[in-house]
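Student: You'll find protein.json just under this line, and it carries JSON, C-alpha atoms.
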[["chain", "number", "residue", "atom", "x", "y", "z"],
["I", 1, "MET", "CA", 62.57, 1.36, -59.43],
["I", 2, "THR", "CA", 59.86, 1.24, -56.85],
["I", 3, "ASP", "CA", 59.47, 2.36, -53.29],
["I", 4, "GLN", "CA", 57.49, 1.25, -50.28],
["I", 5, "ALA", "CA", 54.64, 3.69, -50.85],
["I", 6, "ARG", "CA", 53.83, 2.26, -54.26],
["I", 7, "PRO", "CA", 51.43, -0.68, -54.37],
["I", 8, "GLY", "CA", 52.49, -3.39, -56.78],
["I", 9, "VAL", "CA", 50.16, -3.88, -59.73],
["I", 10, "ALA", "CA", 50.83, -6.73, -62.13],
["I", 11, "VAL", "CA", 50.17, -6.31, -65.85],
["I", 12, "ILE", "CA", 49.99, -9.61, -67.69],
["I", 13, "THR", "CA", 51.43, -9.81, -71.18],
["I", 14, "PHE", "CA", 49.93, -12.46, -73.43],
["I", 15, "PRO", "CA", 51.30, -13.25, -76.89],
["I", 16, "GLY", "CA", 49.49, -10.56, -78.88],
["I", 17, "SER", "CA", 48.94, -8.07, -76.04],
["I", 18, "ASN", "CA", 49.79, -4.58, -77.24],
["I", 19, "ASP", "CA", 48.66, -2.22, -74.48],
["I", 20, "ASP", "CA", 50.66, -3.83, -71.70],
["I", 21, "ARG", "CA", 53.41, -1.20, -71.77],
["I", 22, "ASP", "CA", 50.89, 1.65, -71.89],
["I", 23, "ALA", "CA", 49.11, 0.14, -68.89],
["I", 24, "LEU", "CA", 52.40, -0.13, -66.98],
["I", 25, "LEU", "CA", 53.29, 3.48, -67.86],
["I", 26, "ALA", "CA", 49.88, 4.76, -66.79],
["I", 27, "LEU", "CA", 49.98, 2.82, -63.52],
["I", 28, "GLU", "CA", 53.48, 4.15, -62.75],
["I", 29, "LEU", "CA", 52.30, 7.67, -63.53],
["I", 30, "LEU", "CA", 49.43, 7.20, -61.07],
["I", 31, "GLY", "CA", 51.62, 6.01, -58.23],
["I", 32, "ALA", "CA", 51.75, 2.23, -58.60],
["I", 33, "ALA", "CA", 54.74, 0.00, -59.08],
["I", 34, "GLY", "CA", 53.92, -1.78, -62.32],
["I", 35, "VAL", "CA", 55.15, -5.35, -62.51],
["I", 36, "ALA", "CA", 55.26, -7.02, -65.92],
["I", 37, "VAL", "CA", 54.13, -10.66, -65.79],
["I", 38, "TRP", "CA", 54.34, -13.17, -68.64],
["I", 39, "HIS", "CA", 51.18, -15.16, -69.35],
["I", 40, "GLY", "CA", 53.14, -18.41, -69.03],
["I", 41, "ASP", "CA", 53.96, -17.74, -65.38],
["I", 42, "GLU", "CA", 51.99, -20.03, -63.11],
["I", 43, "THR", "CA", 52.17, -17.74, -60.11],
["I", 44, "LEU", "CA", 51.67, -14.01, -59.60],
["I", 45, "PRO", "CA", 54.28, -11.86, -57.89],
["I", 46, "ASP", "CA", 53.28, -10.37, -54.54],
["I", 47, "VAL", "CA", 51.05, -7.60, -55.87],
["I", 48, "ALA", "CA", 47.93, -5.81, -54.70],
["I", 49, "ALA", "CA", 46.14, -5.77, -58.05],
["I", 50, "VAL", "CA", 46.25, -7.30, -61.53],
["I", 51, "VAL", "CA", 45.53, -5.66, -64.88],
["I", 52, "LEU", "CA", 44.79, -7.65, -68.03],
["I", 53, "PRO", "CA", 45.71, -5.29, -70.87],
["I", 54, "GLY", "CA", 44.33, -4.71, -74.34],
["I", 55, "GLY", "CA", 45.50, -6.39, -77.50],
["I", 56, "PHE", "CA", 44.81, -9.57, -79.39],
["I", 57, "ALA", "CA", 45.92, -12.35, -77.06],
["I", 58, "HIS", "CA", 46.71, -15.56, -78.93],
["I", 59, "GLY", "CA", 45.54, -13.83, -82.11],
["I", 60, "ASP", "CA", 41.98, -13.70, -80.77],
["I", 61, "TYR", "CA", 41.53, -16.97, -82.65],
["I", 62, "LEU", "CA", 38.23, -18.83, -82.24],
["I", 63, "ARG", "CA", 36.72, -16.07, -80.03],
["I", 64, "CYS", "CA", 38.39, -13.13, -78.33],
["I", 65, "GLY", "CA", 39.85, -14.34, -75.06],
["I", 66, "ALA", "CA", 38.81, -17.98, -75.59],
["I", 67, "ILE", "CA", 42.36, -19.29, -75.78],
["I", 68, "ALA", "CA", 43.95, -16.72, -73.47],
["I", 69, "ARG", "CA", 41.76, -17.82, -70.60],
["I", 70, "PHE", "CA", 43.76, -21.07, -70.52],
["I", 71, "SER", "CA", 47.12, -19.32, -70.18],
["I", 72, "PRO", "CA", 48.86, -20.56, -67.01],
["I", 73, "ALA", "CA", 48.75, -17.09, -65.42],
["I", 74, "MET", "CA", 44.95, -17.07, -65.66],
["I", 75, "LYS", "CA", 44.65, -19.85, -63.10],
["I", 76, "ALA", "CA", 46.62, -17.67, -60.70],
["I", 77, "VAL", "CA", 44.44, -14.66, -61.61],
["I", 78, "ALA", "CA", 41.27, -16.66, -60.89],
["I", 79, "GLU", "CA", 42.66, -17.68, -57.48],
["I", 80, "PHE", "CA", 43.74, -14.09, -56.79],
["I", 81, "ALA", "CA", 40.23, -12.86, -57.65],
["I", 82, "ALA", "CA", 38.62, -15.56, -55.51],
["I", 83, "GLU", "CA", 40.65, -14.29, -52.56],
["I", 84, "GLY", "CA", 39.23, -10.81, -53.16],
["I", 85, "GLY", "CA", 42.19, -9.45, -55.11],
["I", 86, "LEU", "CA", 41.55, -6.50, -57.43],
["I", 87, "VAL", "CA", 41.48, -7.41, -61.12],
["I", 88, "LEU", "CA", 40.85, -5.00, -63.99],
["I", 89, "GLY", "CA", 40.45, -6.16, -67.58],
["I", 90, "ILE", "CA", 40.77, -3.56, -70.31],
["I", 91, "CYS", "CA", 39.36, -4.29, -73.78],
["I", 92, "ASN", "CA", 40.95, -7.66, -74.67],
["I", 93, "GLY", "CA", 41.44, -8.15, -70.92],
["I", 94, "PHE", "CA", 37.69, -7.68, -70.47],
["I", 95, "GLN", "CA", 37.06, -10.26, -73.18],
["I", 96, "ILE", "CA", 39.41, -12.71, -71.45],
["I", 97, "LEU", "CA", 37.71, -12.21, -68.06],
["I", 98, "CYS", "CA", 34.29, -12.88, -69.64],
["I", 99, "GLU", "CA", 35.55, -16.04, -71.36],
["I", 100, "ALA", "CA", 37.13, -17.14, -68.07],
["I", 101, "GLY", "CA", 33.79, -16.73, -66.32],
["I", 102, "LEU", "CA", 35.20, -14.13, -63.92],
["I", 103, "LEU", "CA", 32.86, -11.51, -65.37],
["I", 104, "PRO", "CA", 29.33, -11.89, -66.74],
["I", 105, "GLY", "CA", 28.44, -11.69, -70.41],
["I", 106, "ALA", "CA", 30.34, -12.13, -73.65],
["I", 107, "LEU", "CA", 31.81, -9.80, -76.27],
["I", 108, "ARG", "CA", 30.68, -10.14, -79.89],
["I", 109, "PRO", "CA", 31.69, -8.35, -83.12],
["I", 110, "ASN", "CA", 30.61, -4.71, -83.28],
["I", 111, "ALA", "CA", 27.18, -4.25, -84.86],
["I", 112, "SER", "CA", 28.78, -2.17, -87.62],
["I", 113, "LEU", "CA", 31.46, -4.85, -88.21],
["I", 114, "SER", "CA", 33.91, -1.92, -88.25],
["I", 115, "PHE", "CA", 36.92, -1.57, -86.02],
["I", 116, "LEU", "CA", 36.20, 1.54, -83.93],
["I", 117, "CYS", "CA", 39.00, 3.79, -82.74],
["I", 118, "ARG", "CA", 37.86, 7.07, -81.19],
["I", 119, "ASP", "CA", 36.94, 8.87, -78.01],
["I", 120, "VAL", "CA", 33.58, 7.96, -76.50],
["I", 121, "VAL", "CA", 31.62, 9.46, -73.65],
["I", 122, "LEU", "CA", 30.80, 7.13, -70.78],
["I", 123, "ARG", "CA", 28.38, 7.54, -67.94],
["I", 124, "VAL", "CA", 29.42, 6.26, -64.50],
["I", 125, "GLY", "CA", 26.74, 3.97, -63.13],
["I", 126, "HIS", "CA", 28.02, 3.23, -59.65],
["I", 127, "THR", "CA", 30.76, 4.84, -57.59],
["I", 128, "ASP", "CA", 30.86, 2.19, -54.89],
["I", 129, "THR", "CA", 33.42, 0.03, -56.72],
["I", 130, "PRO", "CA", 37.16, 0.41, -56.15],
["I", 131, "PHE", "CA", 37.48, 1.28, -59.84],
["I", 132, "THR", "CA", 35.00, 4.15, -59.83],
["I", 133, "ALA", "CA", 35.47, 5.43, -56.28],
["I", 134, "ARG", "CA", 37.13, 8.58, -57.62],
["I", 135, "CYS", "CA", 34.20, 9.33, -59.95],
["I", 136, "LYS", "CA", 30.97, 11.13, -59.17],
["I", 137, "ALA", "CA", 27.64, 9.43, -59.70],
["I", 138, "ASP", "CA", 26.44, 9.94, -63.27],
["I", 139, "GLN", "CA", 29.73, 11.60, -64.16],
["I", 140, "ARG", "CA", 30.58, 11.68, -67.86],
["I", 141, "LEU", "CA", 34.02, 10.38, -68.78],
["I", 142, "THR", "CA", 35.75, 10.80, -72.13],
["I", 143, "ILE", "CA", 37.90, 7.73, -72.80],
["I", 144, "PRO", "CA", 38.92, 6.20, -76.13],
["I", 145, "ILE", "CA", 37.76, 2.86, -77.48],
["I", 146, "LYS", "CA", 39.62, 0.80, -80.07],
["I", 147, "HIS", "CA", 38.03, -2.54, -80.74],
["I", 148, "GLY", "CA", 36.38, -4.72, -83.34],
["I", 149, "GLU", "CA", 34.51, -6.92, -80.88],
["I", 150, "GLY", "CA", 33.11, -4.79, -78.11],
["I", 151, "CYS", "CA", 29.45, -5.64, -78.43],
["I", 152, "TRP", "CA", 28.76, -6.89, -74.92],
["I", 153, "PHE", "CA", 25.93, -9.37, -74.64],
["I", 154, "ALA", "CA", 23.84, -10.76, -71.81],
["I", 155, "ASP", "CA", 20.30, -12.08, -72.12],
["I", 156, "PRO", "CA", 17.52, -9.85, -70.75],
["I", 157, "GLU", "CA", 17.15, -11.85, -67.54],
["I", 158, "GLN", "CA", 20.88, -11.73, -66.81],
["I", 159, "LEU", "CA", 21.03, -8.02, -67.62],
["I", 160, "ALA", "CA", 18.17, -7.34, -65.19],
["I", 161, "ASP", "CA", 20.00, -9.31, -62.50],
["I", 162, "LEU", "CA", 23.20, -7.37, -63.11],
["I", 163, "GLU", "CA", 21.35, -4.07, -62.94],
["I", 164, "ALA", "CA", 19.67, -5.11, -59.68],
["I", 165, "ASN", "CA", 23.06, -6.16, -58.27],
["I", 166, "ARG", "CA", 24.60, -2.82, -59.28],
["I", 167, "GLN", "CA", 27.14, -4.53, -61.52],
["I", 168, "ILE", "CA", 26.69, -2.29, -64.58],
["I", 169, "VAL", "CA", 29.48, 0.15, -63.81],
["I", 170, "LEU", "CA", 29.85, 2.09, -67.06],
["I", 171, "ARG", "CA", 27.51, 2.77, -69.98],
["I", 172, "TYR", "CA", 28.07, 4.48, -73.30],
["I", 173, "GLU", "CA", 26.30, 7.78, -73.69],
["I", 174, "ARG", "CA", 25.91, 6.93, -77.38],
["I", 175, "ASN", "CA", 26.23, 3.23, -78.04],
["I", 176, "PRO", "CA", 29.08, 2.72, -80.55],
["I", 177, "ASN", "CA", 29.03, -1.06, -80.96],
["I", 178, "GLY", "CA", 25.56, -2.48, -80.28],
["I", 179, "ALA", "CA", 26.29, -3.55, -76.70],
["I", 180, "VAL", "CA", 23.18, -4.68, -74.82],
["I", 181, "GLY", "CA", 21.98, -1.98, -72.43],
["I", 182, "ASP", "CA", 24.73, 0.39, -73.71],
["I", 183, "VAL", "CA", 27.06, -1.47, -71.36],
["I", 184, "ALA", "CA", 30.73, -0.42, -71.52],
["I", 185, "GLY", "CA", 31.94, -1.93, -68.25],
["I", 186, "VAL", "CA", 30.76, -4.45, -65.66],
["I", 187, "CYS", "CA", 32.00, -5.82, -62.38],
["I", 188, "ASN", "CA", 31.51, -9.15, -60.64],
["I", 189, "GLU", "CA", 29.04, -9.58, -57.81],
["I", 190, "ARG", "CA", 31.70, -9.03, -55.17],
["I", 191, "GLY", "CA", 32.94, -5.88, -56.88],
["I", 192, "ASN", "CA", 36.64, -6.77, -56.95],
["I", 193, "VAL", "CA", 36.82, -7.70, -60.64],
["I", 194, "MET", "CA", 35.93, -5.24, -63.37],
["I", 195, "GLY", "CA", 36.18, -5.16, -67.14],
["I", 196, "LEU", "CA", 35.63, -2.38, -69.62],
["I", 197, "MET", "CA", 36.03, -1.96, -73.37],
["I", 198, "PRO", "CA", 37.34, 1.66, -73.31],
["I", 199, "HIS", "CA", 41.02, 2.24, -72.59],
["I", 200, "PRO", "CA", 41.62, 4.30, -69.44],
["I", 201, "GLU", "CA", 45.39, 3.83, -69.86],
["I", 202, "HIS", "CA", 45.17, 5.94, -73.02],
["I", 203, "ALA", "CA", 43.56, 8.84, -71.15],
["I", 204, "VAL", "CA", 45.89, 9.70, -68.31],
["I", 205, "ASP", "CA", 47.86, 12.59, -69.81],
["I", 206, "PRO", "CA", 46.48, 15.92, -71.08],
["I", 207, "LEU", "CA", 48.62, 15.43, -74.20],
["I", 208, "LEU", "CA", 46.32, 12.56, -75.15],
["I", 209, "GLY", "CA", 43.20, 14.72, -75.01],
["I", 210, "SER", "CA", 41.63, 13.48, -71.78],
["I", 211, "THR", "CA", 42.74, 12.50, -68.31],
["I", 212, "ASP", "CA", 39.46, 10.83, -67.35],
["I", 213, "GLY", "CA", 41.10, 7.42, -67.54],
["I", 214, "ALA", "CA", 43.17, 8.43, -64.52],
["I", 215, "LEU", "CA", 39.98, 8.40, -62.45],
["I", 216, "ILE", "CA", 39.51, 4.70, -63.15],
["I", 217, "LEU", "CA", 43.15, 3.62, -62.91],
["I", 218, "GLY", "CA", 43.82, 6.03, -60.05],
["I", 219, "GLY", "CA", 40.91, 4.46, -58.19],
["I", 220, "LEU", "CA", 42.46, 1.06, -58.77],
["I", 221, "VAL", "CA", 45.87, 2.22, -57.52],
["I", 222, "GLU", "CA", 44.34, 3.83, -54.44],
["I", 223, "ALA", "CA", 42.29, 0.72, -53.66],
["I", 224, "ALA", "CA", 45.39, -1.41, -54.15],
["I", 225, "ARG", "CA", 47.30, 0.80, -51.72],
["I", 226, "VAL", "CA", 44.55, 0.67, -49.08],
["I", 227, "ALA", "CA", 43.22, -2.85, -49.48],
["I", 228, "ALA", "CA", 46.40, -4.80, -49.68],
["I", 229, "PRO", "CA", 49.41, -4.04, -47.54],
["I", 230, "ARG", "CA", 51.48, -6.21, -49.85],
["I", 231, "LEU", "CA", 53.80, -3.69, -51.42],
["I", 232, "VAL", "CA", 56.56, -4.27, -53.87],
["I", 233, "PRO", "CA", 59.80, -3.96, -51.90],
["I", 234, "ALA", "CA", 62.25, -1.23, -52.81],
["I", 235, "GLY", "CA", 64.35, -2.11, -55.79],
["I", 236, "ALA", "CA", 62.09, -4.93, -56.96],
["D", 1, "MET", "CA", 37.99, -40.80, -86.25],
["D", 2, "LYS", "CA", 36.86, -37.69, -88.08],
["D", 3, "ALA", "CA", 34.43, -35.32, -86.41],
["D", 4, "THR", "CA", 32.92, -32.00, -87.43],
["D", 5, "VAL", "CA", 31.66, -29.36, -85.06],
["D", 6, "LEU", "CA", 29.18, -26.74, -86.24],
["D", 7, "VAL", "CA", 29.03, -23.66, -84.02],
["D", 8, "ARG", "CA", 26.15, -21.24, -84.52],
["D", 9, "PRO", "CA", 25.25, -17.91, -82.97],
["D", 10, "LYS", "CA", 22.25, -18.52, -80.72],
["D", 11, "PRO", "CA", 18.86, -17.38, -81.98],
["D", 12, "GLY", "CA", 18.26, -13.78, -80.96],
["D", 13, "ILE", "CA", 21.98, -12.94, -80.84],
["D", 14, "LEU", "CA", 22.89, -10.05, -83.09],
["D", 15, "ASP", "CA", 24.84, -11.49, -86.02],
["D", 16, "PRO", "CA", 26.16, -8.56, -88.06],
["D", 17, "GLN", "CA", 28.19, -10.91, -90.24],
["D", 18, "GLY", "CA", 25.04, -12.82, -91.18],
["D", 19, "GLN", "CA", 23.26, -9.53, -91.90],
["D", 20, "ALA", "CA", 26.10, -8.36, -94.15],
["D", 21, "VAL", "CA", 26.12, -11.66, -96.04],
["D", 22, "GLU", "CA", 22.34, -11.53, -96.43],
["D", 23, "SER", "CA", 22.32, -8.00, -97.78],
["D", 24, "SER", "CA", 25.14, -8.86, -100.18],
["D", 25, "LEU", "CA", 23.20, -11.89, -101.44],
["D", 26, "ARG", "CA", 20.12, -9.71, -101.93],
["D", 27, "GLU", "CA", 22.14, -7.24, -103.94],
["D", 28, "LEU", "CA", 23.19, -10.16, -106.16],
["D", 29, "GLY", "CA", 19.49, -10.81, -106.78],
["D", 30, "PHE", "CA", 18.94, -13.77, -104.47],
["D", 31, "ALA", "CA", 15.72, -13.88, -102.47],
["D", 32, "VAL", "CA", 17.11, -14.86, -99.07],
["D", 33, "GLY", "CA", 16.48, -14.08, -95.44],
["D", 34, "ASP", "CA", 17.71, -15.01, -91.98],
["D", 35, "ALA", "CA", 21.34, -15.55, -92.99],
["D", 36, "ARG", "CA", 23.43, -16.52, -89.97],
["D", 37, "VAL", "CA", 27.17, -17.10, -90.06],
["D", 38, "GLY", "CA", 28.73, -19.63, -87.72],
["D", 39, "ARG", "CA", 31.92, -21.64, -87.57],
["D", 40, "LEU", "CA", 32.94, -25.13, -88.65],
["D", 41, "VAL", "CA", 35.71, -27.11, -86.97],
["D", 42, "ASP", "CA", 37.00, -30.36, -88.52],
["D", 43, "LEU", "CA", 38.81, -32.66, -86.15],
["D", 44, "GLU", "CA", 40.60, -35.99, -86.12],
["D", 45, "VAL", "CA", 39.69, -37.49, -82.75],
["D", 46, "ALA", "CA", 41.58, -40.30, -81.04],
["D", 47, "ALA", "CA", 38.64, -42.53, -80.17],
["D", 48, "SER", "CA", 37.76, -46.15, -80.86],
["D", 49, "ASP", "CA", 34.02, -45.76, -81.38],
["D", 50, "PRO", "CA", 31.56, -42.98, -82.26],
["D", 51, "ALA", "CA", 30.07, -42.79, -78.76],
["D", 52, "GLU", "CA", 33.49, -42.23, -77.24],
["D", 53, "ALA", "CA", 34.33, -39.68, -79.94],
["D", 54, "ARG", "CA", 31.09, -37.80, -79.35],
["D", 55, "ALA", "CA", 31.67, -37.63, -75.62],
["D", 56, "GLU", "CA", 35.20, -36.37, -76.19],
["D", 57, "VAL", "CA", 34.11, -33.70, -78.70],
["D", 58, "GLU", "CA", 31.33, -32.59, -76.36],
["D", 59, "ARG", "CA", 33.95, -31.93, -73.72],
["D", 60, "MET", "CA", 35.95, -29.92, -76.27],
["D", 61, "CYS", "CA", 32.88, -27.85, -77.13],
["D", 62, "ASP", "CA", 32.03, -27.18, -73.50],
["D", 63, "GLN", "CA", 35.57, -26.15, -72.61],
["D", 64, "LEU", "CA", 36.69, -24.24, -75.68],
["D", 65, "LEU", "CA", 34.98, -24.57, -79.04],
["D", 66, "ALA", "CA", 31.69, -22.86, -78.14],
["D", 67, "ASN", "CA", 30.61, -20.23, -75.63],
["D", 68, "PRO", "CA", 27.25, -21.46, -74.30],
["D", 69, "LEU", "CA", 26.15, -17.91, -73.55],
["D", 70, "ILE", "CA", 26.11, -16.90, -77.20],
["D", 71, "GLU", "CA", 26.55, -20.07, -79.26],
["D", 72, "THR", "CA", 25.07, -23.51, -79.85],
["D", 73, "TYR", "CA", 26.98, -26.45, -81.25],
["D", 74, "GLU", "CA", 26.23, -29.58, -83.19],
["D", 75, "ILE", "CA", 28.58, -32.54, -83.56],
["D", 76, "GLU", "CA", 28.69, -34.61, -86.73],
["D", 77, "LEU", "CA", 30.36, -38.01, -86.82],
["D", 78, "PRO", "CA", 30.62, -40.49, -89.71],
["D", 79, "ALA", "CA", 27.59, -42.74, -89.82]]
Write the structure described by the file as structure tokens, please.
Tutor:
Amino acid sequence: MTDQARPGVAVITFPGSNDDRDALLALELLGAAGVAVWHGDETLPDVAAVVLPGGFAHGDYLRCGAIARFSPAMKAVAEFAAEGGLVLGICNGFQILCEAGLLPGALRPNASLSFLCRDVVLRVGHTDTPFTARCKADQRLTIPIKHGEGCWFADPEQLADLEANRQIVLRYERNPNGAVGDVAGVCNERGNVMGLMPHPEHAVDPLLGSTDGALILGGLVEAARVAAPRLVPAGA
Amino acid sequence: MKATVLVRPKPGILDPQGQAVESSLRELGFAVGDARVGRLVDLEVAASDPAEARAEVERMCDQLLANPLIETYEIELPA
């Protein structure tokens, strides 16, 4: 059940997504009305933000996100983003957004070739994005990672451009995966699309060891509430 | 018409798989260096001549089979 005060946030489930329910739960906990959307849907419901969750969409065959970017819902997500809609990609969702060209860079296998599943410490680069508005500059966040292909890559020229444009939003304090520039999360030039490898939806309850993820997702919910008056109607 | 696409990590891109293969080969006593691991895709393309097939496979590579940011591709067609 939802009410008028809760901004609608869509979470897209691809075949192979496995953090979609956790994302919905976290968003509900933080005051949003989570709306589950199937990747085969060609249109988005009337929501104020979209989350692409973690997992292994389409088996991650060929390259992570390479096939998922052609899911029908992704065309709607690209249009939503082009209109200035808020889009957050978490882990596999980040990989999909990079493959779709909505975010810069690409994700490659971890330098260690190991699947990494543990808490990491992140450093907030910029607080002038909707996703980090609740953070303090240079704040350290403890949020878990769980990925085999989180080694973000951009060539030196592109990285310099992104740094100049203030698009490097999160960096690892200690680089776990070989990512260029210790990059853990980036946004697009306009600042309405962000992707990150760590999982904020797994760090919203003290029982899970950290609530720092609530700063990121809470920022998204707040921005969704303010930026878009399109709310999910009661009972939707 | 048969076609083969070779996809390689671009020079300068970290290739941990290639590094692991290289170190394993060295442990087996082989004197090797610069091992890089890519991907091979065999296809049966509906095309009447090699030029048409090549153009079609190039479109496949640009759209899906390779990510130009991190990979290069090479198309092989029967002579």
Student: Name the residues in contact with stretch 194-207 of chain I at a cut-off of 7 Å, using all atoms listed in the file, excluding same-chain residues fewer than 3 positions from it; report them as a list in words.
Tutor: Asp22, Ala23, Ala26, Val87, Leu88, Gly89, Ile90, Cys91, Phe94, Ile143, Pro144, Ile145, Gly150, Ala184, Gly185, Val186, Cys187, Asn188, Ser210, Thr211, Asp212, Gly213, Ala214, Ile216 and Leu217 of chain I
Student: Hey, can I get the axis-aligned box for stretch 154-158 of chain I? All listed atoms, 8 Å padding on each side, centre and edge lengths in Å to one decimal, as AutoDock Vina command-line options.
Tutor:
--center_x 20.5 --center_y -11.0 --center_z -69.5 --size_x 22.7 --size_y 18.2 --size_z 21.3
Student: For atom CA of I:Ile67 and atom CA of D:Gln63, quote the distance in Å rounded to one decimal.
Tutor: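 Atom-to-atom, atom CA of I:Ile67 and atom CA of D:Gln63 are spaced 10.2 Å apart.
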Student: Neighbouring residues of D:Ala35 were defined as those with any atom within 10 Å, considering all atoms listed in the file; residues of the same chain fewer than 2 positions away were excluded. Please report them as a ChimeraX atom specification.
Tutor: /D:15-23,25,32-33,37-38
Student: Quick one, how far is atom CA of I:Val35 from atom CA of I:Leu107?
Tutor: 27.5 Å
Student: Which residue gives the smallest distance to D:Ile70 among I:Arg140, I:Arg123, I:Arg108, I:Arg69, with all atoms listed in the file counted?
Tutor: I:Arg108
Student: Report as a compact mmCIF listing (two decimals) with C-alpha atoms, keeping the file's coordinate frame the set of chain I residues whose atoms approach chain D to within 10 Å, with distances computed over only C-alpha atoms.
Tutor:
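Contents of the output file part39.txt:
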# COMPACT_ATOMS: atom_id res chain seq x y z
CA LEU I 62 38.23 -18.83 -82.24
CA ARG I 63 36.72 -16.07 -80.03
CA ALA I 66 38.81 -17.98 -75.59
CA ILE I 67 42.36 -19.29 -75.78
CA ARG I 69 41.76 -17.82 -70.60
CA PHE I 70 43.76 -21.07 -70.52
CA GLU I 99 35.55 -16.04 -71.36
CA PRO I 104 29.33 -11.89 -66.74
CA GLY I 105 28.44 -11.69 -70.41
CA ALA I 106 30.34 -12.13 -73.65
CA LEU I 107 31.81 -9.80 -76.27
CA ARG I 108 30.68 -10.14 -79.89
CA PRO I 109 31.69 -8.35 -83.12
CA ASN I 110 30.61 -4.71 -83.28
CA ALA I 111 27.18 -4.25 -84.86
CA SER I 112 28.78 -2.17 -87.62
CA LEU I 113 31.46 -4.85 -88.21
CA CYS I 151 29.45 -5.64 -78.43
CA PHE I 153 25.93 -9.37 -74.64
CA ALA I 154 23.84 -10.76 -71.81
CA ASP I 155 20.30 -12.08 -72.12
CA GLY I 178 25.56 -2.48 -80.28
CA ALA I 179 26.29 -3.55 -76.70
CA VAL I 180 23.18 -4.68 -74.82
Student: So how many Å separate atom CA of I:Pro130 and atom CA of I:Leu86, to one decimal?
Tutor: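 Value for the atom CA of I:Pro130-atom CA of I:Leu86 distance: 8.3 Å.
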Student: Counting all atoms listed in the file, note down every residue that has an atom within 7 Å of the point (47.7, -3.8, -62.2) (file coordinates), as a PDB file with C-alpha atoms, in the coordinates of the input.
Tutor:
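The resulting file, result18.pdb, is reproduced below:
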ATOM      1  CA  VAL I   9      50.160  -3.880 -59.730  1.00  0.00           C
ATOM      2  CA  ALA I  10      50.830  -6.730 -62.130  1.00  0.00           C
ATOM      3  CA  VAL I  11      50.170  -6.310 -65.850  1.00  0.00           C
ATOM      4  CA  GLY I  34      53.920  -1.780 -62.320  1.00  0.00           C
ATOM      5  CA  ALA I  49      46.140  -5.770 -58.050  1.00  0.00           C
ATOM      6  CA  VAL I  50      46.250  -7.300 -61.530  1.00  0.00           C
ATOM      7  CA  VAL I  51      45.530  -5.660 -64.880  1.00  0.00           C
TER       8      VAL I  51
END
Student: Please list as a PyMOL selection string every residue within 10 Å of I:Asp41, counting all atoms listed in the file and excluding residues in the same chain fewer than 3 positions away.
Tutor: chain I and resi 12+37-38+44-45+71-76
Student: With distances taken over all atoms listed in the file, which residue among D:Gly29, D:Leu77, D:Thr72, D:Val7 lies nearest D:Ala51?
Tutor: D:Leu77
Student: With distances taken over all atoms listed in the file, which residue among I:Asp20, I:Glu222, I:Arg134, I:Glu189 lies nearest I:Asp161?
Tutor: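 Under the stated criterion, the closest residue is I:Glu189.
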Student: Out of I:Leu24, I:Ala160, I:Val124, I:Leu29, which residue has the shortest atom-to-atom distance to I:Leu52 when counting all atoms listed in the file?
Tutor: I:Leu24
